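Dumped my_file-v4.pdb below, it's PDB, C-alpha atoms and all ligand atoms:
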```
MODEL        1
ATOM      1  CA  MET A   8     -15.811  -7.867  -4.846
ATOM      2  CA  ARG A   9     -13.077  -8.392  -2.269
ATOM      3  CA  ARG A  10     -11.329 -11.734  -2.549
ATOM      4  CA  VAL A  11      -8.593 -13.338  -0.528
ATOM      5  CA  VAL A  12      -6.411 -16.196  -1.728
ATOM      6  CA  PHE A  13      -5.284 -18.201   1.265
ATOM      7  CA  ASN A  14      -3.728 -21.451   2.324
ATOM      8  CA  GLN A  15      -1.372 -21.631   5.298
ATOM      9  CA  LYS A  16       0.906 -23.856   3.238
ATOM     10  CA  GLY A  17       3.652 -22.140   1.199
ATOM     11  CA  GLY A  18       4.306 -22.850  -2.453
ATOM     12  CA  VAL A  19       0.774 -23.923  -3.350
ATOM     13  CA  GLY A  20       0.244 -21.064  -5.800
ATOM     14  CA  LYS A  21      -1.334 -18.246  -3.765
ATOM     15  CA  SER A  22       0.688 -15.474  -5.385
ATOM     16  CA  SER A  23       0.539 -17.014  -8.854
ATOM     17  CA  ILE A  24      -3.236 -17.396  -8.696
ATOM     18  CA  THR A  25      -3.846 -13.953  -7.168
ATOM     19  CA  CYS A  26      -1.768 -12.141  -9.769
ATOM     20  CA  ASN A  27      -2.894 -14.084 -12.815
ATOM     21  CA  LEU A  28      -6.611 -13.807 -12.056
ATOM     22  CA  ALA A  29      -6.193 -10.108 -11.228
ATOM     23  CA  ALA A  30      -4.264  -9.526 -14.463
ATOM     24  CA  ILE A  31      -7.131 -11.076 -16.436
ATOM     25  CA  SER A  32      -9.719  -8.815 -14.753
ATOM     26  CA  ALA A  33      -7.540  -5.806 -15.523
ATOM     27  CA  ALA A  34      -6.953  -6.882 -19.130
ATOM     28  CA  GLN A  35     -10.728  -7.083 -19.520
ATOM     29  CA  GLY A  36     -10.930  -3.417 -18.538
ATOM     30  CA  VAL A  37     -11.892  -3.746 -14.878
ATOM     31  CA  PRO A  38      -9.926  -1.553 -12.434
ATOM     32  CA  THR A  39      -8.211  -4.143 -10.270
ATOM     33  CA  LEU A  40      -6.185  -3.866  -7.077
ATOM     34  CA  VAL A  41      -3.855  -6.538  -5.725
ATOM     35  CA  ILE A  42      -3.044  -6.212  -2.027
ATOM     36  CA  ASP A  43       0.104  -8.073  -1.088
ATOM     37  CA  LEU A  44       0.210  -8.986   2.601
ATOM     38  CA  ASP A  45       3.076 -11.466   2.372
ATOM     39  CA  PRO A  46       6.312  -9.804   3.615
ATOM     40  CA  GLN A  47       8.110 -11.851   0.946
ATOM     41  CA  GLY A  48       6.482  -9.548  -1.600
ATOM     42  CA  ASN A  49       6.300 -12.022  -4.484
ATOM     43  CA  SER A  50       3.107 -10.540  -5.912
ATOM     44  CA  SER A  51       4.444  -6.993  -5.586
ATOM     45  CA  HIS A  52       7.529  -7.971  -7.558
ATOM     46  CA  TYR A  53       5.599 -10.005 -10.124
ATOM     47  CA  LEU A  54       3.259  -7.138 -11.025
ATOM     48  CA  THR A  55       5.549  -4.108 -10.752
ATOM     49  CA  GLY A  56       8.813  -5.673 -11.922
ATOM     50  CA  GLN A  57      10.526  -4.161  -8.874
ATOM     51  CA  ALA A  58      11.528  -5.714  -5.568
ATOM     52  CA  ALA A  59       8.891  -4.879  -2.941
ATOM     53  CA  GLU A  60      11.360  -3.081  -0.644
ATOM     54  CA  THR A  61      12.311  -0.655  -3.423
ATOM     55  CA  LEU A  62       8.746   0.576  -4.007
ATOM     56  CA  PRO A  63       8.022   4.029  -2.567
ATOM     57  CA  ASP A  64       4.894   3.032  -0.602
ATOM     58  CA  SER A  65       3.575  -0.180   0.822
ATOM     59  CA  MET A  66       1.156  -1.770   3.252
ATOM     60  CA  PHE A  67       3.863  -1.216   5.875
ATOM     61  CA  ASP A  68       2.912   2.494   5.819
ATOM     62  CA  PHE A  69      -0.758   1.630   6.202
ATOM     63  CA  PHE A  70      -0.314  -0.673   9.191
ATOM     64  CA  GLU A  71       2.381   1.446  10.832
ATOM     65  CA  GLN A  72       0.188   4.509  10.745
ATOM     66  CA  SER A  73      -2.661   2.550  12.322
ATOM     67  CA  LEU A  74      -0.384   2.337  15.376
ATOM     68  CA  THR A  75       0.178   6.080  15.640
ATOM     69  CA  LEU A  76      -2.477   8.550  16.646
ATOM     70  CA  GLY A  77      -2.806  11.958  15.095
ATOM     71  CA  GLY A  78      -1.780  13.870  11.989
ATOM     72  CA  GLY A  79       0.181  13.228   8.848
ATOM     73  CA  ARG A  80      -2.047  10.368   7.802
ATOM     74  CA  ARG A  81      -2.092   9.143   4.268
ATOM     75  CA  ALA A  82      -5.159   7.466   2.900
ATOM     76  CA  LEU A  83      -4.881   3.935   1.596
ATOM     77  CA  THR A  84      -5.443   5.299  -1.930
ATOM     78  CA  ASP A  85      -2.239   7.355  -1.633
ATOM     79  CA  LEU A  86      -0.239   4.153  -1.165
ATOM     80  CA  ILE A  87      -1.462   2.455  -4.337
ATOM     81  CA  GLN A  88       1.295   1.738  -6.877
ATOM     82  CA  PRO A  89       0.725   1.341 -10.600
ATOM     83  CA  SER A  90       1.651  -2.043 -12.015
ATOM     84  CA  GLN A  91       3.175  -2.406 -15.466
ATOM     85  CA  TYR A  92      -0.323  -3.031 -16.846
ATOM     86  CA  GLU A  93      -3.367  -0.935 -17.576
ATOM     87  CA  ASN A  94      -6.127  -1.041 -14.930
ATOM     88  CA  LEU A  95      -3.912  -3.055 -12.588
ATOM     89  CA  TYR A  96      -2.759  -1.547  -9.298
ATOM     90  CA  VAL A  97      -0.824  -2.828  -6.313
ATOM     91  CA  LEU A  98      -0.733  -2.188  -2.602
ATOM     92  CA  ALA A  99       2.695  -3.638  -2.088
ATOM     93  CA  ALA A 100       4.109  -5.738   0.716
ATOM     94  CA  HIS A 101       7.326  -4.901   2.525
ATOM     95  CA  PRO A 102       9.791  -7.179   4.365
ATOM     96  CA  GLU A 103       9.396  -4.985   7.466
ATOM     97  CA  LEU A 104       5.691  -5.848   7.738
ATOM     98  CA  GLU A 105       6.748  -8.754   9.919
ATOM     99  CA  SER A 106       8.228  -6.425  12.531
ATOM    100  CA  LEU A 107       4.809  -4.790  13.074
ATOM    101  CA  GLU A 108       2.872  -7.986  13.603
ATOM    102  CA  ALA A 109       3.104  -8.377  17.392
ATOM    103  CA  LYS A 110       2.173  -4.731  17.993
ATOM    104  CA  LEU A 111      -0.754  -4.834  15.579
ATOM    105  CA  GLU A 112      -1.981  -7.999  17.242
ATOM    106  CA  SER A 113      -1.718  -6.710  20.799
ATOM    107  CA  ARG A 114      -3.430  -3.433  19.931
ATOM    108  CA  TYR A 115      -6.419  -5.042  18.201
ATOM    109  CA  LYS A 116      -5.852  -3.645  14.717
ATOM    110  CA  ILE A 117      -7.415  -6.662  13.016
ATOM    111  CA  TYR A 118     -10.358  -4.660  11.572
ATOM    112  CA  LYS A 119      -8.253  -1.828  10.110
ATOM    113  CA  LEU A 120      -7.885  -3.421   6.697
ATOM    114  CA  LYS A 121     -11.589  -4.152   6.415
ATOM    115  CA  GLU A 122     -12.501  -0.551   7.307
ATOM    116  CA  ALA A 123     -10.059   0.849   4.763
ATOM    117  CA  LEU A 124     -11.236  -1.464   1.992
ATOM    118  CA  GLN A 125     -14.874  -0.751   2.694
ATOM    119  CA  ALA A 126     -14.021   2.944   2.311
ATOM    120  CA  LEU A 127     -12.686   2.203  -1.201
ATOM    121  CA  GLY A 128     -16.190   1.047  -2.105
ATOM    122  CA  ASN A 129     -16.535  -0.500  -5.529
ATOM    123  CA  ASP A 130     -13.698   1.389  -7.179
ATOM    124  CA  TYR A 131     -11.687  -1.790  -7.702
ATOM    125  CA  GLN A 132     -11.971  -5.538  -7.953
ATOM    126  CA  ILE A 133      -9.799  -6.488  -5.001
ATOM    127  CA  TRP A 134      -7.524  -9.520  -4.723
ATOM    128  CA  ILE A 135      -5.588 -10.063  -1.494
ATOM    129  CA  ASP A 136      -2.490 -12.263  -1.423
ATOM    130  CA  THR A 137      -1.545 -13.698   1.956
ATOM    131  CA  PRO A 138       1.502 -15.100   3.761
ATOM    132  CA  PRO A 139       1.759 -18.870   4.316
ATOM    133  CA  ALA A 140       0.517 -18.724   7.907
ATOM    134  CA  LEU A 141      -2.682 -18.041   9.793
ATOM    135  CA  ASN A 142      -1.306 -14.867  11.363
ATOM    136  CA  PHE A 143      -2.397 -11.244  11.861
ATOM    137  CA  PHE A 144      -2.115 -10.404   8.152
ATOM    138  CA  SER A 145      -3.970 -13.406   6.770
ATOM    139  CA  ARG A 146      -6.677 -13.051   9.436
ATOM    140  CA  SER A 147      -7.019  -9.331   8.594
ATOM    141  CA  ALA A 148      -7.498 -10.361   4.978
ATOM    142  CA  LEU A 149     -10.059 -13.051   5.802
ATOM    143  CA  ILE A 150     -11.978 -10.504   7.883
ATOM    144  CA  ALA A 151     -11.826  -7.906   5.090
ATOM    145  CA  ALA A 152     -12.839 -10.212   2.248
ATOM    146  CA  GLN A 153     -16.162 -11.464   0.941
ATOM    147  CA  ARG A 154     -14.808 -14.512  -0.855
ATOM    148  CA  CYS A 155     -11.936 -16.895  -0.220
ATOM    149  CA  LEU A 156     -10.146 -19.016  -2.787
ATOM    150  CA  ILE A 157      -8.044 -21.880  -1.473
ATOM    151  CA  PRO A 158      -5.224 -23.119  -3.690
ATOM    152  CA  PHE A 159      -4.555 -26.835  -3.267
ATOM    153  CA  ASP A 160      -1.527 -28.711  -4.585
ATOM    154  CA  CYS A 161      -2.981 -32.249  -4.591
ATOM    155  CA  ASP A 162      -0.477 -33.389  -2.019
ATOM    156  CA  ALA A 163      -1.757 -36.001   0.436
ATOM    157  CA  PHE A 164      -0.136 -34.071   3.292
ATOM    158  CA  SER A 165      -1.934 -30.892   2.267
ATOM    159  CA  ARG A 166      -5.256 -32.604   2.705
ATOM    160  CA  GLN A 167      -5.153 -32.438   6.511
ATOM    161  CA  ALA A 168      -4.139 -28.788   6.262
ATOM    162  CA  LEU A 169      -7.204 -28.248   4.088
ATOM    163  CA  TYR A 170      -9.510 -29.552   6.820
ATOM    164  CA  SER A 171      -7.977 -27.376   9.534
ATOM    165  CA  LEU A 172      -8.020 -24.406   7.171
ATOM    166  CA  GLN A 173     -11.725 -24.784   6.523
ATOM    167  CA  ALA A 174     -12.373 -25.091  10.271
ATOM    168  CA  ALA A 175     -10.376 -21.898  10.869
ATOM    169  CA  ILE A 176     -12.350 -20.061   8.196
ATOM    170  CA  ASP A 177     -15.648 -21.272   9.680
ATOM    171  CA  GLU A 178     -14.621 -19.929  13.068
ATOM    172  CA  LEU A 179     -13.500 -16.603  11.607
ATOM    173  CA  ARG A 180     -16.788 -16.301   9.773
ATOM    174  CA  SER A 181     -18.900 -16.883  12.848
ATOM    175  CA  ASP A 182     -16.799 -14.600  15.091
ATOM    176  CA  HIS A 183     -15.753 -11.769  12.765
ATOM    177  CA  ASN A 184     -17.062 -11.796   9.206
ATOM    178  CA  GLU A 185     -20.393 -13.343   8.338
ATOM    179  CA  ASP A 186     -19.970 -12.096   4.731
ATOM    180  CA  LEU A 187     -17.070 -14.488   4.100
ATOM    181  CA  ALA A 188     -17.805 -17.372   1.747
ATOM    182  CA  ILE A 189     -15.392 -20.033   0.567
ATOM    183  CA  GLU A 190     -15.622 -19.582  -3.160
ATOM    184  CA  GLY A 191     -13.799 -22.788  -3.850
ATOM    185  CA  ILE A 192     -10.687 -24.894  -3.753
ATOM    186  CA  VAL A 193      -8.434 -24.291  -6.744
ATOM    187  CA  VAL A 194      -6.470 -27.346  -7.765
ATOM    188  CA  ASN A 195      -3.035 -26.169  -8.876
ATOM    189  CA  GLN A 196      -0.140 -27.976 -10.564
ATOM    190  CA  TYR A 197      -2.588 -30.698 -11.546
ATOM    191  CA  ASN A 198      -1.220 -33.729 -13.315
ATOM    192  CA  ALA A 199      -4.074 -35.430 -15.155
ATOM    193  CA  GLN A 200      -1.855 -38.447 -15.956
ATOM    194  CA  ALA A 201      -1.240 -39.372 -12.334
ATOM    195  CA  ASN A 202      -3.747 -41.420 -10.361
ATOM    196  CA  LEU A 203      -3.217 -39.970  -6.909
ATOM    197  CA  PRO A 204      -4.315 -36.389  -7.638
ATOM    198  CA  ARG A 205      -7.449 -37.581  -9.449
ATOM    199  CA  GLN A 206      -8.319 -39.891  -6.553
ATOM    200  CA  LEU A 207      -7.700 -37.133  -3.994
ATOM    201  CA  ILE A 208      -9.993 -34.746  -5.832
ATOM    202  CA  GLU A 209     -12.735 -37.370  -6.116
ATOM    203  CA  GLU A 210     -12.528 -38.013  -2.386
ATOM    204  CA  LEU A 211     -12.655 -34.313  -1.545
ATOM    205  CA  LEU A 212     -15.695 -33.899  -3.782
ATOM    206  CA  SER A 213     -17.417 -36.907  -2.204
ATOM    207  CA  GLU A 214     -16.874 -35.226   1.181
ATOM    208  CA  GLN A 215     -18.671 -32.117  -0.186
ATOM    209  CA  HIS A 216     -15.556 -29.964  -0.391
ATOM    210  CA  PRO A 217     -16.053 -27.176  -2.948
ATOM    211  CA  VAL A 218     -13.348 -28.199  -5.419
ATOM    212  CA  LEU A 219     -13.730 -25.961  -8.476
ATOM    213  CA  PRO A 220     -14.116 -27.762 -11.821
ATOM    214  CA  VAL A 221     -11.298 -25.855 -13.556
ATOM    215  CA  HIS A 222      -7.887 -27.271 -12.633
ATOM    216  CA  LEU A 223      -4.572 -25.527 -13.276
ATOM    217  CA  THR A 224      -1.872 -27.701 -14.783
ATOM    218  CA  SER A 225       1.813 -27.447 -14.099
ATOM    219  CA  SER A 226       3.849 -25.572 -16.672
ATOM    220  CA  VAL A 227       7.291 -23.997 -16.934
ATOM    221  CA  LYS A 228       5.464 -20.972 -18.348
ATOM    222  CA  MET A 229       4.529 -20.052 -14.793
ATOM    223  CA  ARG A 230       8.130 -19.801 -13.612
ATOM    224  CA  GLU A 231       9.061 -17.931 -16.806
ATOM    225  CA  SER A 232       6.174 -15.564 -16.242
ATOM    226  CA  HIS A 233       7.428 -14.765 -12.716
ATOM    227  CA  GLN A 234      10.965 -14.262 -14.045
ATOM    228  CA  LEU A 235       9.720 -11.838 -16.687
ATOM    229  CA  SER A 236       7.386 -10.111 -14.189
ATOM    230  CA  LYS A 237       4.718 -10.629 -16.807
ATOM    231  CA  PRO A 238       1.447 -12.386 -15.915
ATOM    232  CA  LEU A 239       0.488 -15.234 -18.235
ATOM    233  CA  ILE A 240      -2.257 -13.295 -20.007
ATOM    234  CA  HIS A 241       0.531 -10.995 -21.291
ATOM    235  CA  SER A 242       3.491 -13.392 -21.541
ATOM    236  CA  ALA A 243       1.758 -16.497 -22.944
ATOM    237  CA  PRO A 244      -1.828 -15.571 -23.868
ATOM    238  CA  LYS A 245      -2.482 -18.707 -25.921
ATOM    239  CA  HIS A 246      -0.922 -21.239 -23.574
ATOM    240  CA  LYS A 247      -3.042 -24.006 -22.055
ATOM    241  CA  LEU A 248      -2.370 -22.841 -18.482
ATOM    242  CA  THR A 249      -3.378 -19.281 -19.408
ATOM    243  CA  GLN A 250      -6.608 -20.567 -20.924
ATOM    244  CA  GLN A 251      -7.297 -22.464 -17.701
ATOM    245  CA  PHE A 252      -6.839 -19.217 -15.773
ATOM    246  CA  VAL A 253      -9.227 -17.458 -18.164
ATOM    247  CA  ALA A 254     -11.778 -20.255 -17.664
ATOM    248  CA  LEU A 255     -11.351 -20.040 -13.882
ATOM    249  CA  HIS A 256     -11.770 -16.261 -14.017
ATOM    250  CA  GLU A 257     -14.929 -16.721 -16.081
ATOM    251  CA  LEU A 258     -16.246 -19.300 -13.642
ATOM    252  CA  LEU A 259     -15.748 -16.911 -10.720
ATOM    253  CA  ASN A 260     -17.057 -13.782 -12.383
ATOM    254  CA  GLY A 261     -19.813 -15.250 -14.524
TER     255      GLY A 261
HETATM  256  N1  LIG A 301       0.624 -24.093 -12.275
HETATM  257  C1  LIG A 301       1.935 -23.978 -12.017
HETATM  258  N2  LIG A 301       2.850 -24.575 -12.825
HETATM  259  C2  LIG A 301       4.181 -24.483 -12.577
HETATM  260  N3  LIG A 301       4.704 -23.830 -11.547
HETATM  261  C3  LIG A 301       3.855 -23.201 -10.693
HETATM  262  C4  LIG A 301       2.431 -23.247 -10.865
HETATM  263  N4  LIG A 301       1.859 -22.552  -9.870
HETATM  264  C5  LIG A 301       2.874 -22.095  -9.104
HETATM  265  N5  LIG A 301       4.062 -22.478  -9.594
HETATM  266  C6  LIG A 301       5.410 -22.200  -9.037
HETATM  267  O1  LIG A 301       5.453 -22.669  -7.700
HETATM  268  C7  LIG A 301       6.132 -21.764  -6.869
HETATM  269  C8  LIG A 301       5.214 -21.340  -5.730
HETATM  270  O2  LIG A 301       4.121 -20.604  -6.256
HETATM  271  P1  LIG A 301       3.557 -19.323  -5.511
HETATM  272  O3  LIG A 301       2.465 -18.768  -6.320
HETATM  273  O4  LIG A 301       4.678 -18.403  -5.145
HETATM  274  O5  LIG A 301       2.979 -20.030  -4.184
HETATM  275  P2  LIG A 301       2.617 -19.373  -2.758
HETATM  276  O6  LIG A 301       2.297 -17.943  -2.995
HETATM  277  O7  LIG A 301       1.459 -20.176  -2.265
HETATM  278  O8  LIG A 301       3.841 -19.559  -1.890
HETATM  279  C9  LIG A 301       6.578 -20.611  -7.756
HETATM  280  O9  LIG A 301       7.928 -20.817  -8.109
HETATM  281  C10 LIG A 301       5.691 -20.696  -8.978
HETATM  282  O10 LIG A 301       6.363 -20.258 -10.140
HETATM  283 MG    MG A 302       3.119 -16.218  -2.141
ENDMDL
END
```

Would you give me this structure, written as C-alpha cells?
Ligand SMILES: Nc1ncnc2c1ncn2[C@@H]1O[C@H](COP(=O)(O)OP(=O)(O)O)[C@@H](O)[C@H]1O
Ligand SMILES: [Mg+2]
Amino acid sequence: MRRVVFNQKGGVGKSSITCNLAAISAAQGVPTLVIDLDPQGNSSHYLTGQAAETLPDSMFDFFEQSLTLGGGRRALTDLIQPSQYENLYVLAAHPELESLEAKLESRYKIYKLKEALQALGNDYQIWIDTPPALNFFSRSALIAAQRCLIPFDCDAFSRQALYSLQAAIDELRSDHNEDLAIEGIVVNQYNAQANLPRQLIEELLSEQHPVLPVHLTSSVKMRESHQLSKPLIHSAPKHKLTQQFVALHELLNG
C-alpha cells in the first residue's frame, strides 16, 4: 500500500503521524519505507537521527536525475537509507529539493515518483510525508499514492482549509489518479475536555467528512520523541498516545 499524509497547513502532525504509523508497521515486521518530500526534512531526521542534509543520498538525487537524460542513473532503491530501526527505511528529503521545483514543474515530471514507486512493487509498505503546501512535491505524492490521510488539528480556521483540500484531492483524482482514496481525517492534538474540538468533529461528521474514530491526544511525549529521534513505539511504548497510534494503525491495516 502506498499512503500519503497531507494537509497544506504546517504543524498539524503530518511528519509525526507518518513516522509513528510507519514505525509501528516496521516493528510488526513489515518492511516499511518512509519517503520524505518536505525540504525541511523533519521525518528524515526523526527516523535516522541525522540532519537530512548530512545523509549520503536523498530524494534530491532522484528528482535531479529525472531532469538529466542519459547515463549514470541510480535506481530509487540505491537511494534508500536505513533508519535506526529494523524493517524501517527512509528516502530522505534535502533542503535543496526546493531549488528543483520550478524545473520539475515546467518539464512535466509529476508522474516520475509514481512510476518509480510502482516499480518497487509490494516490497515495502510506503508512507509519504509532504510539505505544507499543494506544490509539485505534494501533488507528485498524491498522484503516486493509493490512500491519503489528512491530519486535522481541530482549529476552526483549519476547517476551511479542509474543504479546499478535499476539493483539490477530488480534482487530482479525476485528472491524474483514479486509485486515490481519502482514507480518513486524523484528529490530532485532541483535547477531550474542551467543547470546541468535540463540536467541530460532530459537525464534520454530520457533513459526511470521513473523520476517523481514533483521535490522537496532545502529549509532551511527542516532542520528546522527536528530540530523541525515537518514534513513540520505541520511546514510550505504553503511553496513551502510543496506544492511540497503535489503534489507528490497526484501524487502517485491519
Ligand atoms: N499529538 C501531539 N501531541 C503533542 N505534540 C504534537 C503532537 N503531534 C504533533 N506534535 C508537535 O507539533 C509540532 C508539529 O508536528 P509535525 O508532525 O512536525 O507537523 P507537520 O509535519 O504537519 O508540520 C511538532 O513539534 C510535534 O512535536
Ligand atoms: Mg512535517

- Message: Just want the residues within 10 Å of ligand LIG 301 (chain A), written as an MDAnalysis selection string, counting only C-alpha atoms and all ligand atoms.
- Response: chainID A and resid 12:27 45 47:50 53 136:139 157:160 194:198 222:234 248:249 251:252

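Counting all atoms listed in the file and comparing A:Leu169, A:Val221, A:Leu44, A:Ala59, the residue that lies closest to ligand MG 302 (chain A) is A:Leu44.
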
- Within 6 Å of stretch 150-152 of chain A using only C-alpha atoms, minus same-chain residues under 5 positions, as a ChimeraX atom specification: /A:9-11,121,184

- Task: Apply the PyMOL selection byres (((chain A and resi 87) around 6) and not hetatm) to the displayed file and report the matching residues as a ChimeraX atom specification.
- Result: /A:84-86,88,97-98

- Query: the PyMOL selection byres (((chain A and resi 240) around 9) and not hetatm) on the file shown: which residues, as number ranges by chain?
  - Reply: A: 27, 30-31, 34, 237-239, 241-246, 249-250, 252-253

Output C-alpha atoms for every residue in the selection just made, as a short mmCIF file (atom, residue, chain, number, x, y, z; two decimals), keeping the file's coordinate frame.
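Here's the written file selection-v7.cif:
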```
data_model
loop_
_atom_site.label_atom_id
_atom_site.label_comp_id
_atom_site.auth_asym_id
_atom_site.auth_seq_id
_atom_site.Cartn_x
_atom_site.Cartn_y
_atom_site.Cartn_z
CA ASN A 27 -2.89 -14.08 -12.82
CA ALA A 30 -4.26 -9.53 -14.46
CA ILE A 31 -7.13 -11.08 -16.44
CA ALA A 34 -6.95 -6.88 -19.13
CA LYS A 237 4.72 -10.63 -16.81
CA PRO A 238 1.45 -12.39 -15.92
CA LEU A 239 0.49 -15.23 -18.24
CA HIS A 241 0.53 -11.00 -21.29
CA SER A 242 3.49 -13.39 -21.54
CA ALA A 243 1.76 -16.50 -22.94
CA PRO A 244 -1.83 -15.57 -23.87
CA LYS A 245 -2.48 -18.71 -25.92
CA HIS A 246 -0.92 -21.24 -23.57
CA THR A 249 -3.38 -19.28 -19.41
CA GLN A 250 -6.61 -20.57 -20.92
CA PHE A 252 -6.84 -19.22 -15.77
CA VAL A 253 -9.23 -17.46 -18.16
#
```

- Message: the PyMOL selection byres (((chain A and resi 100) around 6) and not hetatm) - which residues does that actually catch in the file I just gave you? List them as a ChimeraX atom specification.
- Response: /A:43-44,46,48,65-66,99,101

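In this model, the gap between atom CA of A:Phe67 and atom CA of A:Leu172 comes to 26.1 Å.
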
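In terms of minimum interatomic distance to ligand MG 302 (chain A), A:Ile135 ranks closest within A:Leu107, A:Ile135, A:Ala123, A:Leu76, counting only C-alpha atoms and all ligand atoms.
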
Mind working out the centre and edge lengths of an axis-aligned box for stretch 29-33 of chain A, all listed atoms inside, 4 Å added to each side, rounded to one decimal in Å and written as AutoDock Vina command-line options?
```
--center_x -7.0 --center_y -8.4 --center_z -13.8 --size_x 13.5 --size_y 13.3 --size_z 13.2
```

N, CA, C and O atoms are what I want for stretch 29-46 of chain A; can you complete it accordingly and write them as an mmCIF file, in the coordinates of the input?
```
data_model
loop_
_atom_site.group_PDB
_atom_site.id
_atom_site.type_symbol
_atom_site.label_atom_id
_atom_site.label_comp_id
_atom_site.auth_asym_id
_atom_site.auth_seq_id
_atom_site.Cartn_x
_atom_site.Cartn_y
_atom_site.Cartn_z
ATOM 1 N N ALA A 29 -6.063 -11.572 -11.244
ATOM 2 C CA ALA A 29 -6.193 -10.108 -11.228
ATOM 3 C C ALA A 29 -5.795 -9.515 -12.581
ATOM 4 O O ALA A 29 -6.456 -8.598 -13.084
ATOM 5 N N ALA A 30 -4.732 -10.051 -13.171
ATOM 6 C CA ALA A 30 -4.264 -9.526 -14.463
ATOM 7 C C ALA A 30 -5.317 -9.742 -15.552
ATOM 8 O O ALA A 30 -5.454 -8.915 -16.469
ATOM 9 N N ILE A 31 -6.071 -10.823 -15.447
ATOM 10 C CA ILE A 31 -7.131 -11.076 -16.436
ATOM 11 C C ILE A 31 -8.267 -10.065 -16.254
ATOM 12 O O ILE A 31 -8.739 -9.469 -17.226
ATOM 13 N N SER A 32 -8.688 -9.836 -15.003
ATOM 14 C CA SER A 32 -9.719 -8.815 -14.753
ATOM 15 C C SER A 32 -9.287 -7.473 -15.354
ATOM 16 O O SER A 32 -10.059 -6.817 -16.052
ATOM 17 N N ALA A 33 -8.044 -7.101 -15.056
ATOM 18 C CA ALA A 33 -7.540 -5.806 -15.523
ATOM 19 C C ALA A 33 -7.504 -5.755 -17.049
ATOM 20 O O ALA A 33 -7.898 -4.754 -17.661
ATOM 21 N N ALA A 34 -7.041 -6.843 -17.668
ATOM 22 C CA ALA A 34 -6.953 -6.882 -19.130
ATOM 23 C C ALA A 34 -8.339 -6.794 -19.766
ATOM 24 O O ALA A 34 -8.481 -6.353 -20.907
ATOM 25 N N GLN A 35 -9.360 -7.193 -19.006
ATOM 26 C CA GLN A 35 -10.728 -7.083 -19.520
ATOM 27 C C GLN A 35 -11.322 -5.700 -19.247
ATOM 28 O O GLN A 35 -12.509 -5.468 -19.479
ATOM 29 N N GLY A 36 -10.501 -4.801 -18.704
ATOM 30 C CA GLY A 36 -10.930 -3.417 -18.538
ATOM 31 C C GLY A 36 -11.463 -3.066 -17.163
ATOM 32 O O GLY A 36 -11.950 -1.957 -16.947
ATOM 33 N N VAL A 37 -11.367 -3.995 -16.222
ATOM 34 C CA VAL A 37 -11.892 -3.746 -14.878
ATOM 35 C C VAL A 37 -10.763 -3.203 -13.978
ATOM 36 O O VAL A 37 -9.724 -3.855 -13.849
ATOM 37 N N PRO A 38 -10.947 -2.045 -13.362
ATOM 38 C CA PRO A 38 -9.926 -1.553 -12.434
ATOM 39 C C PRO A 38 -9.716 -2.566 -11.307
ATOM 40 O O PRO A 38 -10.665 -2.957 -10.632
ATOM 41 N N THR A 39 -8.493 -3.010 -11.152
ATOM 42 C CA THR A 39 -8.211 -4.143 -10.270
ATOM 43 C C THR A 39 -7.044 -3.806 -9.347
ATOM 44 O O THR A 39 -6.042 -3.238 -9.781
ATOM 45 N N LEU A 40 -7.203 -4.177 -8.089
ATOM 46 C CA LEU A 40 -6.185 -3.866 -7.077
ATOM 47 C C LEU A 40 -5.735 -5.145 -6.391
ATOM 48 O O LEU A 40 -6.553 -5.880 -5.835
ATOM 49 N N VAL A 41 -4.432 -5.403 -6.449
ATOM 50 C CA VAL A 41 -3.855 -6.538 -5.725
ATOM 51 C C VAL A 41 -3.227 -6.010 -4.440
ATOM 52 O O VAL A 41 -2.427 -5.077 -4.470
ATOM 53 N N ILE A 42 -3.621 -6.599 -3.320
ATOM 54 C CA ILE A 42 -3.044 -6.212 -2.027
ATOM 55 C C ILE A 42 -2.148 -7.351 -1.565
ATOM 56 O O ILE A 42 -2.608 -8.477 -1.383
ATOM 57 N N ASP A 43 -0.876 -7.048 -1.430
ATOM 58 C CA ASP A 43 0.104 -8.073 -1.088
ATOM 59 C C ASP A 43 0.410 -7.990 0.409
ATOM 60 O O ASP A 43 1.030 -7.029 0.869
ATOM 61 N N LEU A 44 -0.026 -8.993 1.150
ATOM 62 C CA LEU A 44 0.210 -8.986 2.601
ATOM 63 C C LEU A 44 1.288 -9.981 3.019
ATOM 64 O O LEU A 44 1.477 -10.237 4.202
ATOM 65 N N ASP A 45 1.981 -10.553 2.044
ATOM 66 C CA ASP A 45 3.076 -11.466 2.372
ATOM 67 C C ASP A 45 4.384 -10.676 2.377
ATOM 68 O O ASP A 45 4.789 -10.145 1.333
ATOM 69 N N PRO A 46 5.053 -10.572 3.551
ATOM 70 C CA PRO A 46 6.312 -9.804 3.615
ATOM 71 C C PRO A 46 7.329 -10.217 2.543
ATOM 72 O O PRO A 46 8.207 -9.433 2.191
#
```
